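Colleague: Handing you this structure, nothing more for now.
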Protein chains: 2
Amino acid sequence: MIMERQYVVGIDVGGQTTKIGVVDARGDVLSQTVIRSDIFGADADAYIAALAEAVKGVIKESDKEGQIRGIGVGAPNGNHYTGTIDFAPNLAWAADGSVDFAKKLTAKVGVPVSLTNDANAAAVGEMTYGVARGMKNFIMITLGTGVGSGIIVDGNLVYGHDGFAGELGHTNVVRHNGRACGCGKTGCLEAYCSAIGVARTAREWLESSNEESLLREVENITSKDVYEAAKEGDALALRVFEYTGSLLGRSFADFVAFSAPEAIVLFGGLARSKEFLYEPMKKAMEDNLLKIWKGKVKILFSQLKESDAAILGASALAWEL
Amino acid sequence: MIMERQYVVGIDVGGQTTKIGVVDARGDVLSQTVIRSDIFGADADAYIAALAEAVKGVIKESDKEGQIRGIGVGAPNGNHYTGTIDFAPNLAWAADGSVDFAKKLTAKVGVPVSLTNDANAAAVGEMTYGVARGMKNFIMITLGTGVGSGIIVDGNLVYGHDGFAGELGHTNVVRHNGRACGCGKTGCLEAYCSAIGVARTAREWLESSNEESLLREVENITSKDVYEAAKEGDALALRVFEYTGSLLGRSFADFVAFSAPEAIVLFGGLARSKEFLYEPMKKAMEDNLLKIWKGKVKILFSQLKESDAAILGASALAWEL
């Protein structure tokens, strides 16, 4: 009897952790685990070796050995065409060059690997299992440590001529004296509207004024602290979200001018601040849209569980293998 | 004997004139004519009636009556899905609403009509007959009275969910105190980098300084005057092109982050100022690209004859009918 290969593995490579899961055709995660991504320094091979062990472990745990069709991987700067992770600022082992990721992981695990960037994987996950089900044209924006994006046109991911399309976190949002971004440019959307950007805005504003704020009592402010303060009605924290939302909304208007999506779908840690971000974001987008799009483009928030979504999105890529 | 329908009509609707031509399968223009677009006020029906007569005339002149497969039309804010021209600021008869263009023209001429915006038509023309032959991913930017764009992803035009995708002329290029644009927004690329924008920059700079310039002797400065002055080595005129080019280049970097094109292809009256625009444009683009794209994305100039290109591009749409 021939065993059908009816399971896939999804891997979400993040700056701090890597999530790994075995997924069935209905999108149920049968088993999963997490390893650190940030303890291998510049040694890509050491990371890939640890990852391969974790993948084998999670397959064993799911009891589906020999039935894995493929591995789908979402990683920062993951290139679908070449299978490499190139110049990914948040991954020390891939920050300064190109890592032949798909080939090396395939060699170690014995299963084909399909790679794309994490936000592209999230977009596919959202189209397959989430709020974008049935949509043919939408833009996924991931608001996490960084700002990522995955663009769906006519039901397909836009990869571009080299596989790197969809880096909207590195489009410009502040031209004059823009903040330095991790990518080496200045004024990028990511430098303002990521979790790190939100914390930075709060710290800058606290330093440049004497305004009272709950955040004055916090050391090493994070975006979560800003969120908690906003929840308490802290005026400065509320303004930080208003500012962040309006920068996002302005940028969304420009993205709409590009691909005329039915919706912008938001996902990631910072998207949980929906209650403070939505109104300024929507207003700024509408204010900056051409007449033909006013009132026509939705801003939606992912409703998938964050850990599952990343694994599911990545795993969806593997069905094509 | 059944006569094969092996000819098409291409129509390029511009703010001032409309160009009409009969085209064969090899891309030769057999006959062509021009009518005014700007003498009908808000009366769309009068314009369409005049256009239909001109189309019949040009078909008759080509001696291919009964052999026309279809009519392809490129028009500002032309919508491929609905066949309508909607809220086109530069066309008085379509500025304030939606004109059922394709249906009305079909009714008058008796041949099916395929409509898209003028820049999309130019992109198809460039892919079929021009410098983008064989490219699957590129962005067409038309630098004329306005700034238009047509985006090709995986060999297809990006229409978006509603048919209006590719309005890159109305993405933001100056956030603070940006110029009012014809579209009602401020700071749009078109307000700075169109022919009108270039003339406006020159006039503003002349007003705000006492710098000597050949342009001081010109009344009602146009972009052509600025070009002529730059040719003479006029320092202010040269700086106007440097500024225009660098704004374009910055924006191109953001466009690359979206769809990772192989090339940006420039077309239109202002693109003839290549000798002054190219260097600052290229430099600003490279300065603002992510590492992964530096040195990889070409800026190309259309080599098609401008009048032919518009007709050819529009006509290429009709082959699909």
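How things are named: the first chain in the structure tokens is A, the next is B, and so on; residues count from 1 in each chain; ligands count from 1 in the order shown.
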If we count only C-alpha atoms and set the cut-off at 9 Å, which residues sit around range 258-261 of chain B, ignoring sequence neighbours fewer than 3 positions away in its own chain? Please answer as a PyMOL selection string.
Modeller: (chain A and resi 149+151+158-168+171+255+258) or (chain B and resi 136-139+151-153+253-255+264+293+297-298)
Colleague: I'd like to know which residues of range 162-274 of chain B are strand (DSSP E) (by DSSP, run on the backbone); could you write them as a ChimeraX atom specification?
Modeller: /B:263-267
Colleague: Could you list, as a ChimeraX atom specification, every residue within 8 Å of Ser213 in chain B, counting only C-alpha atoms and ignoring same-chain residues fewer than 3 positions away?
Modeller: /B:216,234-237
Colleague: As a ChimeraX atom specification, which residues of range 203-276 of chain B does DSSP assign to alpha helix (DSSP H)?
Modeller: /B:203-207,223-231,235-259,274-276
Colleague: For Ala50 in chain B, find every residue with an atom within 12 Å (counting only C-alpha atoms), except residues of its own chain fewer than 6 positions away, and show them as a ChimeraX atom specification.
Modeller: /B:18,20,34-40,43-44,56-57,105,108-109
Colleague: Could you jot down the CA of Phe101 in chain B to CA of Ala49 in chain B separation for me, Å, one decimal place?
Modeller: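 That distance, rounded to one decimal, is 10.9 Å.
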Colleague: Just the number, please: distance in Å from CA of Asp308 in chain B to CA of Ile11 in chain B, one decimal.
Modeller: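 CA of Ile11 in chain B lies 10.4 Å from CA of Asp308 in chain B.
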Colleague: So what do you get for CA of Ala102 in chain A versus CA of Glu53 in chain A, distance-wise?
Modeller: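 Going from CA of Ala102 in chain A over to CA of Glu53 in chain A, I get 15.1 Å.
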Colleague: List as a list in words the protein and nucleic acid residues near Val147 in chain B, meaning an atom at most 9 Å away when only C-alpha atoms are counted, but skip any in the same chain fewer than 3 places from it.
Modeller: Ala119, Ile141, Thr142, Leu143, Gly144, Glu167, Leu168, Gly169, His170, Leu189, Glu190, Ala191, Cys193, Ser194 and Ala195 of chain B
Colleague: Would you pick out the contacts of range 74-84 of chain B at 9 Å or less, using only C-alpha atoms, so that residues sharing its chain but fewer than 3 positions from it are not included, and give the list as an MDAnalysis selection string?
Modeller: chainID B and resid 10:15 87:91 98:103 113:122 148 159 162:164 167 310:311 313:315 317
Colleague: So, with only C-alpha atoms as the atoms that count, which of A:Asn210, A:Asn220, A:Ser302, A:Asn156 lies closest to chain B?
Modeller: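 Once distances to chain B are computed over only C-alpha atoms, the minimum belongs to A:Asn156.
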